[in-house]
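Asker: So that you have it, the file is model_7.txt, and it contains compact mmCIF, C-alpha atoms:
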```txt
# COMPACT_ATOMS: atom_id res chain seq x y z
CA MET K 779 10.45 27.38 -3.68
CA THR K 780 6.82 28.25 -3.00
CA ALA K 781 4.66 28.98 -6.02
CA HIS K 782 2.51 32.15 -5.92
CA HIS K 783 -0.61 31.99 -8.05
CA SER K 784 -2.76 34.91 -9.16
CA PRO K 785 -6.43 35.00 -8.01
CA LEU K 786 -7.46 33.91 -11.52
CA ARG K 787 -5.01 31.03 -11.46
CA ARG K 788 -6.22 29.91 -8.03
CA ALA K 789 -9.81 30.02 -9.23
CA MET K 790 -8.92 27.90 -12.27
CA LEU K 791 -7.15 25.32 -10.10
CA ALA K 792 -10.11 25.16 -7.72
CA SER K 793 -12.50 24.70 -10.63
CA ALA K 794 -10.39 21.88 -12.08
CA ALA K 795 -10.26 20.14 -8.71
CA ALA K 796 -14.01 20.38 -8.31
CA ALA K 797 -14.50 18.82 -11.74
CA ALA K 798 -12.17 15.95 -10.90
CA PHE K 799 -13.68 15.32 -7.48
CA PRO K 800 -17.39 16.20 -7.51
CA SER K 801 -18.14 16.18 -3.81
CA ALA K 802 -20.14 13.40 -2.27
CA TRP K 803 -19.59 15.00 1.12
CA ALA K 804 -19.47 18.57 2.42
CA GLN K 805 -16.39 20.47 1.30
CA THR K 806 -16.06 22.43 4.54
CA MET K 807 -13.84 19.76 6.10
CA PRO K 808 -10.42 21.16 7.06
CA ALA K 809 -7.29 19.98 5.30
CA ALA K 810 -5.34 17.22 7.04
CA LYS K 811 -6.55 18.11 10.55
CA SER K 812 -7.58 14.62 11.64
CA ASP K 813 -5.23 12.34 13.56
CA GLY K 814 -5.46 9.64 10.89
CA ARG K 815 -2.47 7.57 9.85
CA LEU K 816 -2.08 5.89 6.46
CA VAL K 817 0.00 2.76 5.88
CA ILE K 818 0.52 1.44 2.35
CA VAL K 819 1.66 -2.17 1.89
CA PHE K 820 2.90 -2.52 -1.68
CA LEU K 821 3.40 -6.01 -3.14
CA ARG K 822 6.06 -5.70 -5.82
CA GLY K 823 5.92 -8.19 -8.66
CA ALA K 824 2.12 -8.24 -9.09
CA TYR K 825 0.45 -10.57 -6.61
CA ASP K 826 -2.36 -12.90 -7.66
CA GLY K 827 -5.50 -11.35 -6.19
CA LEU K 828 -7.64 -14.15 -7.64
CA SER K 829 -5.95 -16.57 -5.26
CA ALA K 830 -6.10 -14.24 -2.26
CA PHE K 831 -9.71 -13.10 -2.75
CA VAL K 832 -11.18 -16.18 -4.39
CA PRO K 833 -14.19 -15.88 -6.79
CA TRP K 834 -15.14 -19.44 -5.90
CA SER K 835 -18.71 -19.32 -7.26
CA ASP K 836 -17.65 -18.39 -10.80
CA PRO K 837 -17.46 -21.60 -12.92
CA GLU K 838 -14.79 -20.00 -15.12
CA TYR K 839 -12.41 -19.80 -12.17
CA ALA K 840 -11.90 -23.54 -11.75
CA ARG K 841 -12.04 -24.14 -15.52
CA VAL K 842 -9.15 -21.82 -16.42
CA ARG K 843 -7.09 -22.80 -13.37
CA PRO K 844 -7.22 -26.61 -13.28
CA ASN K 845 -4.11 -26.92 -11.07
CA ILE K 846 -3.92 -23.72 -9.03
CA ALA K 847 -7.55 -22.75 -8.33
CA ILE K 848 -8.50 -22.56 -4.66
CA ALA K 849 -11.35 -25.01 -4.19
CA GLN K 850 -14.86 -24.00 -3.20
CA PRO K 851 -15.39 -23.67 0.56
CA ASP K 852 -16.22 -26.88 2.40
CA GLY K 853 -15.18 -25.89 5.91
CA THR K 854 -11.74 -27.51 5.78
CA ASP K 855 -8.35 -25.82 5.64
CA GLN K 856 -7.82 -27.18 2.13
CA THR K 857 -10.42 -24.91 0.53
CA ALA K 858 -11.33 -21.25 0.40
CA ILE K 859 -12.73 -19.69 3.56
CA HIS K 860 -16.33 -18.71 2.89
CA LEU K 861 -16.93 -14.94 2.96
CA ASP K 862 -20.12 -14.58 0.94
CA SER K 863 -21.99 -16.15 -1.97
CA ARG K 864 -19.30 -15.08 -4.45
CA PHE K 865 -15.95 -14.76 -2.73
CA GLY K 866 -13.75 -16.59 -0.27
CA LEU K 867 -10.41 -16.06 1.45
CA HIS K 868 -7.27 -18.07 0.74
CA PRO K 869 -6.83 -20.49 3.68
CA ALA K 870 -3.30 -19.17 4.27
CA MET K 871 -4.90 -15.81 5.13
CA ALA K 872 -7.16 -17.24 7.84
CA GLY K 873 -5.70 -14.75 10.31
CA LEU K 874 -7.64 -12.00 8.53
CA LEU K 875 -11.04 -13.64 8.95
CA PRO K 876 -11.73 -12.06 12.38
CA LEU K 877 -11.06 -8.62 10.88
CA TRP K 878 -13.52 -9.33 8.07
CA GLN K 879 -16.11 -10.53 10.59
CA GLU K 880 -15.46 -7.46 12.75
CA GLY K 881 -16.31 -5.30 9.74
CA VAL K 882 -12.98 -3.47 9.44
CA LEU K 883 -11.55 -5.29 6.38
CA ALA K 884 -12.87 -4.71 2.85
CA VAL K 885 -11.79 -5.45 -0.72
CA VAL K 886 -12.20 -3.70 -4.06
CA PRO K 887 -11.79 -6.78 -6.31
CA ALA K 888 -11.33 -5.20 -9.74
CA ALA K 889 -9.10 -2.18 -9.29
CA GLY K 890 -5.72 -0.93 -10.48
CA SER K 891 -4.06 1.37 -12.97
CA PRO K 892 -5.98 2.16 -16.16
CA ASP K 893 -2.72 2.01 -18.11
CA PRO K 894 -2.39 -1.36 -19.89
CA THR K 895 1.37 -1.80 -19.48
CA ARG K 896 2.59 -5.22 -18.38
CA SER K 897 6.06 -3.92 -17.51
CA HIS K 898 6.84 -4.11 -13.79
CA PHE K 899 9.17 -1.11 -14.05
CA GLU K 900 6.69 1.13 -15.85
CA ALA K 901 3.67 0.05 -13.83
CA GLN K 902 5.40 0.50 -10.48
CA TYR K 903 6.73 3.93 -11.44
CA GLN K 904 3.31 5.06 -12.63
CA TRP K 905 1.65 3.69 -9.49
CA GLU K 906 4.15 5.37 -7.19
CA THR K 907 3.79 8.75 -8.90
CA ALA K 908 0.00 8.35 -9.35
CA ARG K 909 0.39 9.17 -13.06
CA PRO K 910 -0.83 6.20 -15.15
CA GLY K 911 0.53 6.28 -18.68
CA ARG K 912 3.25 8.81 -17.84
CA THR K 913 6.88 8.06 -17.12
CA GLY K 914 8.31 11.59 -16.85
CA GLU K 915 10.03 12.80 -13.71
CA ALA K 916 7.52 13.35 -10.89
CA PRO K 917 7.42 13.18 -7.10
CA GLY K 918 5.96 10.20 -5.31
CA TRP K 919 2.35 10.70 -4.32
CA LEU K 920 3.01 9.85 -0.67
CA ASN K 921 5.74 12.50 -0.61
CA THR K 922 3.25 15.06 -1.93
CA LEU K 923 0.78 13.93 0.74
CA ALA K 924 3.46 14.39 3.40
CA GLY K 925 3.64 18.06 2.45
CA PHE K 926 0.16 18.63 3.87
CA GLY K 927 1.21 17.77 7.42
CA GLU K 928 1.70 20.13 10.30
CA SER K 929 4.04 23.03 9.53
CA ASN K 930 7.23 22.00 11.28
CA ASN K 931 10.56 20.58 10.19
CA SER K 932 9.92 16.96 11.19
CA ALA K 933 9.34 14.19 8.68
CA HIS K 934 5.74 13.04 8.21
CA ALA K 935 6.42 9.85 6.22
CA LEU K 936 8.35 6.66 6.96
CA GLY K 937 9.47 3.96 4.54
CA VAL K 938 10.62 0.51 5.70
CA GLY K 939 12.53 -2.04 3.68
CA GLU K 940 13.69 -0.07 0.64
CA ALA K 941 16.60 2.30 0.16
CA ASN K 942 14.76 4.81 -2.02
CA PRO K 943 11.14 4.02 -2.94
CA ARG K 944 9.83 6.33 -5.65
CA VAL K 945 6.50 6.78 -3.85
CA LEU K 946 8.35 8.67 -1.07
CA ALA K 947 10.71 10.64 -3.33
CA GLY K 948 10.27 14.38 -3.54
CA ALA K 949 10.76 17.69 -1.78
CA GLN K 950 9.49 16.58 1.63
CA ALA K 951 11.81 15.05 4.21
CA VAL K 952 11.07 11.40 4.95
CA LYS K 953 12.57 8.70 7.15
CA LEU K 954 13.87 5.50 5.58
CA VAL K 955 14.59 2.35 7.57
CA ALA K 956 16.44 -0.77 6.49
CA ARG K 957 14.74 -4.15 6.21
CA GLY K 958 14.38 -6.58 9.11
CA LYS K 959 16.96 -6.83 11.89
CA SER K 960 19.34 -4.53 10.04
CA ALA K 961 16.99 -1.67 10.97
CA GLN K 962 18.23 -2.01 14.53
CA ARG K 963 21.85 -1.58 13.50
CA ALA K 964 23.57 1.60 12.41
CA GLY K 965 25.81 -0.25 9.93
CA VAL K 966 29.40 0.96 9.58
CA LEU K 967 28.41 4.12 11.45
CA GLU K 968 28.19 2.09 14.66
CA ASN K 969 32.00 2.08 14.76
CA GLN K 970 33.02 5.37 16.36
CA ARG K 971 36.27 5.80 14.41
CA THR K 972 34.54 5.05 11.11
CA ARG K 973 31.72 7.40 11.98
CA GLU K 974 34.15 10.21 12.86
CA ALA K 975 36.05 9.66 9.60
CA PHE K 976 32.87 9.87 7.53
CA MET K 977 31.66 12.94 9.40
CA ALA K 978 35.01 14.65 8.81
CA LEU K 979 34.83 13.79 5.13
CA TYR K 980 31.32 15.24 4.81
CA ASP K 981 31.61 18.29 7.05
CA GLY K 982 31.32 20.89 4.28
CA PRO K 983 28.45 23.32 3.59
CA ASP K 984 27.50 21.72 0.25
CA LYS K 985 24.17 19.92 -0.25
CA LEU K 986 25.73 16.45 -0.57
CA SER K 987 27.53 16.80 2.78
CA ALA K 988 24.42 18.14 4.48
CA ALA K 989 22.31 15.28 3.09
CA PHE K 990 24.85 12.70 4.28
CA ARG K 991 24.98 14.14 7.78
CA GLN K 992 21.21 14.23 8.00
CA GLY K 993 20.92 10.63 6.81
CA ALA K 994 23.65 9.41 9.17
CA GLU K 995 22.04 11.06 12.18
CA SER K 996 18.63 9.63 11.23
CA ARG K 997 20.06 6.11 10.83
CA LEU K 998 21.79 6.26 14.22
CA GLN K 999 18.72 7.59 16.02
CA THR K 1000 16.42 5.04 14.38
CA ALA K 1001 18.72 2.15 15.28
CA GLN K 1002 18.90 3.30 18.91
CA ASP K 1003 15.13 3.76 19.18
CA LEU K 1004 14.33 0.35 17.73
CA SER K 1005 17.07 -1.50 19.56
CA ARG K 1006 15.83 -0.36 22.98
CA GLU K 1007 12.20 -1.19 22.37
CA MET K 1008 12.59 -4.32 20.25
CA GLN K 1009 14.99 -6.05 22.64
CA ALA K 1010 12.26 -6.01 25.26
CA ALA K 1011 9.49 -6.99 22.84
CA ASP K 1012 11.30 -9.79 20.96
CA ASN K 1013 12.74 -11.53 23.99
CA GLY K 1014 15.33 -13.06 21.73
CA ALA K 1015 12.86 -14.37 19.11
CA ALA K 1016 13.17 -13.46 15.42
CA PRO K 1017 10.12 -12.35 13.39
CA ALA K 1018 8.24 -15.13 11.57
CA ALA K 1019 9.20 -13.56 8.25
CA ALA K 1020 10.73 -10.33 6.93
CA LEU K 1021 7.39 -8.77 6.10
CA GLU K 1022 6.00 -9.21 9.58
CA GLY K 1023 9.25 -7.93 11.09
CA ASP K 1024 9.16 -4.85 8.87
CA ALA K 1025 5.55 -4.23 9.90
CA LEU K 1026 6.63 -4.43 13.53
CA ASN K 1027 9.45 -1.94 12.93
CA LEU K 1028 7.15 0.47 11.12
CA GLY K 1029 4.54 0.35 13.87
CA THR K 1030 7.15 0.80 16.59
CA LEU K 1031 8.61 3.92 15.03
CA MET K 1032 5.27 5.49 14.15
CA ARG K 1033 3.99 4.95 17.70
CA ARG K 1034 7.05 6.69 19.12
CA GLU K 1035 6.93 9.62 16.70
CA ARG K 1036 3.38 10.84 16.18
CA SER K 1037 4.38 13.34 13.50
CA LEU K 1038 4.92 10.29 11.26
CA ARG K 1039 1.44 9.90 9.79
CA ILE K 1040 2.32 8.07 6.55
CA GLY K 1041 3.99 4.67 6.40
CA PHE K 1042 5.18 2.67 3.39
CA LEU K 1043 6.02 -1.01 3.55
CA SER K 1044 6.86 -3.18 0.55
CA ALA K 1045 7.62 -6.80 -0.20
CA GLY K 1046 8.86 -8.60 -3.30
CA GLY K 1047 8.53 -12.17 -4.50
CA TRP K 1048 5.02 -11.99 -5.97
CA ASP K 1049 5.90 -12.63 -9.63
CA THR K 1050 4.61 -16.21 -9.79
CA HIS K 1051 5.17 -17.30 -13.40
CA ALA K 1052 5.85 -20.93 -12.49
CA ASN K 1053 4.81 -23.39 -9.77
CA GLN K 1054 2.58 -20.86 -8.08
CA GLY K 1055 0.82 -23.47 -5.98
CA ALA K 1056 -2.71 -23.48 -4.62
CA VAL K 1057 -3.43 -23.94 -0.89
CA THR K 1058 0.27 -24.72 -0.44
CA GLY K 1059 3.37 -23.54 -2.27
CA GLN K 1060 5.23 -20.27 -2.85
CA LEU K 1061 2.19 -18.03 -3.14
CA ALA K 1062 0.49 -19.57 -0.11
CA ASN K 1063 3.64 -18.96 1.92
CA ASN K 1064 3.73 -15.31 0.86
CA LEU K 1065 0.04 -14.83 1.59
CA ARG K 1066 0.52 -16.30 5.07
CA ARG K 1067 3.31 -13.77 5.69
CA LEU K 1068 1.17 -10.96 4.35
CA SER K 1069 -1.70 -11.97 6.64
CA ALA K 1070 0.60 -12.01 9.67
CA ALA K 1071 1.98 -8.58 8.73
CA LEU K 1072 -1.52 -7.10 8.43
CA VAL K 1073 -2.54 -8.52 11.79
CA GLN K 1074 0.59 -6.95 13.27
CA LEU K 1075 -0.14 -3.60 11.63
CA ARG K 1076 -3.71 -3.69 12.93
CA ARG K 1077 -2.34 -3.90 16.49
CA ASP K 1078 -0.47 -0.64 16.00
CA PHE K 1079 -2.92 1.19 13.72
CA ASN K 1080 -6.33 0.72 15.26
CA GLN K 1081 -7.47 4.26 16.00
CA ASP K 1082 -10.61 5.62 14.38
CA ASN K 1083 -8.93 7.39 11.45
CA ASP K 1084 -6.12 4.92 10.75
CA VAL K 1085 -6.25 3.01 7.48
CA ILE K 1086 -4.02 0.30 5.96
CA ILE K 1087 -4.13 -0.35 2.21
CA VAL K 1088 -2.64 -3.31 0.31
CA ALA K 1089 -2.03 -2.94 -3.42
CA SER K 1090 0.22 -4.08 -6.28
CA GLU K 1091 1.29 -2.65 -9.64
CA PHE K 1092 -1.10 -4.90 -11.63
CA GLY K 1093 -2.78 -8.28 -11.39
CA ARG K 1094 -2.18 -11.62 -13.03
CA THR K 1095 -3.86 -13.57 -15.81
CA THR K 1096 -7.10 -15.28 -14.95
CA ALA K 1097 -5.89 -18.51 -16.59
CA GLU K 1098 -2.87 -20.47 -15.43
CA ASN K 1099 -0.01 -20.94 -17.89
CA GLY K 1100 1.81 -24.11 -18.96
CA SER K 1101 4.17 -23.83 -15.98
CA ARG K 1102 1.33 -23.88 -13.46
CA GLY K 1103 1.80 -20.22 -12.74
CA THR K 1104 0.22 -16.98 -13.91
CA ASP K 1105 1.55 -14.22 -16.15
CA HIS K 1106 1.30 -10.44 -16.04
CA GLY K 1107 -2.28 -9.23 -16.04
CA HIS K 1108 -4.24 -6.04 -15.45
CA GLY K 1109 -6.86 -5.56 -12.69
CA ASN K 1110 -6.35 -6.76 -9.14
CA ALA K 1111 -7.81 -6.73 -5.63
CA ILE K 1112 -7.03 -3.81 -3.31
CA TRP K 1113 -7.51 -4.40 0.43
CA LEU K 1114 -8.42 -1.77 3.02
CA LEU K 1115 -8.27 -2.20 6.78
CA GLY K 1116 -9.40 0.25 9.46
CA ASN K 1117 -12.22 1.35 11.72
CA ARG K 1118 -13.53 3.78 9.11
CA VAL K 1119 -13.52 1.07 6.43
CA ASN K 1120 -16.98 -0.32 5.67
CA GLY K 1121 -15.71 -3.85 5.98
CA GLY K 1122 -16.99 -7.38 6.00
CA ARG K 1123 -17.89 -6.90 2.33
CA TRP K 1124 -16.43 -6.08 -1.05
CA HIS K 1125 -17.07 -2.87 -2.97
CA GLY K 1126 -17.38 -1.70 -6.54
CA GLN K 1127 -18.13 -3.48 -9.78
CA TRP K 1128 -17.58 -7.19 -10.43
CA ALA K 1129 -18.50 -8.63 -13.83
CA GLY K 1130 -17.17 -12.16 -13.40
CA LEU K 1131 -14.55 -14.11 -15.33
CA SER K 1132 -16.37 -14.83 -18.59
CA PRO K 1133 -13.91 -14.12 -21.45
CA SER K 1134 -16.17 -11.41 -22.85
CA ASN K 1135 -15.91 -9.53 -19.55
CA LEU K 1136 -12.13 -9.67 -19.35
CA HIS K 1137 -9.52 -7.15 -20.40
CA GLU K 1138 -8.14 -8.33 -23.75
CA ASN K 1139 -10.05 -11.60 -23.16
CA ARG K 1140 -7.49 -12.70 -20.58
CA ASP K 1141 -7.20 -10.38 -17.55
CA LEU K 1142 -9.36 -9.04 -14.80
CA PRO K 1143 -10.47 -5.56 -15.93
CA VAL K 1144 -9.80 -2.35 -14.01
CA HIS K 1145 -13.26 -1.17 -13.10
CA HIS K 1146 -11.89 1.20 -10.48
CA ASP K 1147 -8.80 3.39 -10.79
CA PHE K 1148 -6.49 2.83 -7.82
CA ARG K 1149 -6.33 6.60 -7.38
CA ALA K 1150 -10.08 6.67 -6.79
CA VAL K 1151 -9.67 4.06 -4.04
CA MET K 1152 -6.91 6.13 -2.43
CA ALA K 1153 -9.03 9.28 -2.71
CA GLN K 1154 -11.78 7.65 -0.67
CA ALA K 1155 -9.32 6.85 2.13
CA LEU K 1156 -7.65 10.28 2.06
CA ARG K 1157 -10.97 12.12 2.09
CA SER K 1158 -12.21 10.00 4.99
CA CYS K 1159 -9.15 9.71 7.22
CA PHE K 1160 -7.06 12.77 6.35
CA ALA K 1161 -9.95 15.12 5.59
CA LEU K 1162 -8.26 16.28 2.39
CA PRO K 1163 -10.28 18.80 0.38
CA ASP K 1164 -10.62 18.52 -3.39
CA SER K 1165 -7.71 20.86 -4.16
CA GLN K 1166 -5.27 18.71 -2.19
CA LEU K 1167 -6.66 15.43 -3.50
CA ALA K 1168 -6.04 16.75 -7.02
CA ARG K 1169 -2.40 17.50 -6.16
CA VAL K 1170 -1.73 14.14 -4.49
CA LEU K 1171 -3.58 12.10 -7.14
CA PRO K 1172 -3.33 14.16 -10.35
CA GLY K 1173 -5.77 13.26 -13.09
CA ALA K 1174 -7.96 11.13 -10.86
CA ASN K 1175 -11.74 11.31 -10.79
CA TRP K 1176 -14.11 10.72 -7.93
CA ASP K 1177 -15.66 7.24 -8.27
CA SER K 1178 -19.23 7.34 -6.97
CA GLN K 1179 -19.42 3.52 -7.17
CA LEU K 1180 -17.09 3.47 -4.18
CA ASN K 1181 -19.02 5.94 -2.05
CA GLY K 1182 -19.89 3.21 0.47
CA LEU K 1183 -16.28 2.11 0.93
CA MET K 1184 -15.58 4.33 3.94
CA ARG K 1185 -17.81 5.08 6.89
CA ARG K 1186 -18.47 8.68 7.81
CA ALA K 1187 -17.33 9.83 11.23
```
Once more with this new file: its structure as structure tokens, please.

Answerer:
Amino acid sequence: MTAHHSPLRRAMLASAAAAAFPSAWAQTMPAAKSDGRLVIVFLRGAYDGLSAFVPWSDPEYARVRPNIAIAQPDGTDQTAIHLDSRFGLHPAMAGLLPLWQEGVLAVVPAAGSPDPTRSHFEAQYQWETARPGRTGEAPGWLNTLAGFGESNNSAHALGVGEANPRVLAGAQAVKLVARGKSAQRAGVLENQRTREAFMALYDGPDKLSAAFRQGAESRLQTAQDLSREMQAADNGAAPAAALEGDALNLGTLMRRERSLRIGFLSAGGWDTHANQGAVTGQLANNLRRLSAALVQLRRDFNQDNDVIIVASEFGRTTAENGSRGTDHGHGNAIWLLGNRVNGGRWHGQWAGLSPSNLHENRDLPVHHDFRAVMAQALRSCFALPDSQLARVLPGANWDSQLNGLMRRA
């Protein structure tokens, strides 16, 4: 149902939006008229940004991580890759170095949700609804964003790898694709007799039947589309890892269907409480897969207004624990990749790892609300005005410290 607001109500909403997002740019830009595409890569379990984006010059880093710190750059593949006088790149992510050097990859090193929860469930829900500190029923912020697409009946958002991610839940139609090779199969619906039996069972006019039929038709069409194209591309070879394969599936489908302007890709396995490793080990393996997935996504999303963002629900402790891992933390590094990204550098505030500068004397602080990072990308690549930014990212404020994060067209 469409809400109808009085002129006074519309004026109040516009005033509230202007207060939340004081414009750094002209507000005459049209809403969602650019051809930009947004891909979110969400790392469930809270990845360790201090190992991925290494603060190698801070003496506290090696002191509090005697077993898992990534060593200062020395030009070998056993140490951090030198990026600047403060930060380096985990050697397992060497594939991203050309993108950094090209100036299309940037990092906000101390960002996240301002809510202090250390619960994966709460933090992920609040991140996916863009409502830190609130756990009430709400649509996913990417679903709200999808509602600002062109006015037709096609889906504008695609999720790969999860059955029902909260970030895509809401009133807008979205496409959901299974993980890995299973995305190319229609499941039990591939069998004609089974498919006919299910269709007969759900042939009524009720909402449940209609939803089933829509989902079944989408699954069949997706499987057929991917199977045709991926058989030629793979030449019989399997993806290096599930994350890279999912990135390939997402890019394939979004190339074929241009109305899909929003993509969501997630991966688990980042909760490294024990035996995290340093340049080798479980985290290094995951970071290598992430790097390969981002390189793959860059191949498919390299137009001027495309942007890829990597985030997690929260960070990890600055100090390693007794099991040579890290526990639930607070702030974390957010990565942005795209032609409009002012890359080859990091952005925002960085106070270092001295205990007095940490959140609760143990965690990286959140200097920049993740919603403020997203607002920069949406303003730049989707041309969203303040009123729509306020609906997609409720309660957020414009962060002027990040004004240099995106290049103007």

Asker: Please measure the separation of atom CA of K:Gly925 and atom CA of K:Phe1042, giving the value in Å to one decimal.

Answerer: 15.5 Å

Asker: Quick one, how far is atom CA of K:Trp1128 from atom CA of K:Ala888?

Answerer: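 Atom CA of K:Ala888 lies 6.6 Å from atom CA of K:Trp1128.
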
Asker: Just the number, please: distance in Å from atom CA of K:Asn921 to atom CA of K:Gly948, one decimal.

Answerer: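 So the two atoms, atom CA of K:Asn921 and atom CA of K:Gly948, lie 5.7 Å apart.
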
Asker: Contacts of K:Gly1122 at 7 Å or less, counting all atoms listed in the file, minus same-chain residues fewer than 3 places along, as an MDAnalysis selection string?

Answerer: chainID K and resid 878:884

Asker: Taking into account all atoms listed in the file, which residue in the set K:Gln1166, K:Thr913, K:Ser1132, K:Gln1060 is nearest to K:Ala840?

Answerer: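 Checking each of K:Gln1166, K:Thr913, K:Ser1132, K:Gln1060 against K:Ala840, counting all atoms listed in the file, the winner is K:Ser1132.
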
Asker: Do a neighbour search on K:Val1088 at 12 Å with all atoms listed in the file, toss out local chain neighbours closer than 6 positions, and write the hits as number ranges by chain.

Answerer: K: 816-822, 824-825, 827, 830, 883-887, 889-890, 1042-1045, 1065, 1068-1069, 1071-1072, 1075, 1110-1116, 1148, 1151-1152

Asker: So, counting all atoms listed in the file, which residue among K:Asp852, K:Asp1084, K:Asp1177, K:Asp813 is closest to K:Gln1127?

Answerer: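 Ranking K:Asp852, K:Asp1084, K:Asp1177, K:Asp813 by distance to K:Gln1127, first place goes to K:Asp1177.
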
Asker: Hey, which of K:Ser1158, K:Asn1027, K:Ser897, K:Asn1064 ends up closest to K:Asp1105? Count all atoms listed in the file.

Answerer: K:Ser897

Asker: Which residue out of K:Ala1097, K:Val832, K:Val955, K:Ala1052 has the minimum interatomic distance to K:Pro844 when all atoms listed in the file are used?

Answerer: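 Among the listed residues, the smallest separation from K:Pro844 belongs to K:Ala1097.
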
Asker: Tell me, as a VMD selection string, which residues lie within 12 Å of stretch 1137-1143 of chain K, counting only C-alpha atoms; anything in the same chain fewer than 6 positions away does not count.

Answerer: chain K and resid 826 to 828 833 838 to 839 842 887 to 894 896 1092 to 1099 1104 to 1111 1127 to 1131

Asker: Under the rule that only C-alpha atoms are counted, which of K:Arg1118, K:Leu1171, K:Ala941, K:His934 is the nearest residue to K:Thr907?

Answerer: K:Leu1171

Asker: Counting all atoms listed in the file, figure out which residue out of K:Ala1062, K:Ala933, K:Ile1040, K:Ala1070 gets nearest to K:Val945.

Answerer: K:Ile1040

Asker: Grab all the atoms of stretch 856-864 of chain K that the file lists, wrap them in a box along x, y and z, add 6 Å per side, and give me centre plus edge lengths in Å (one decimal) as lines of an AutoDock Vina configuration file.

Answerer:
```
center_x = -14.9
center_y = -20.9
center_z = -0.4
size_x = 26.2
size_y = 24.6
size_z = 20.0
```
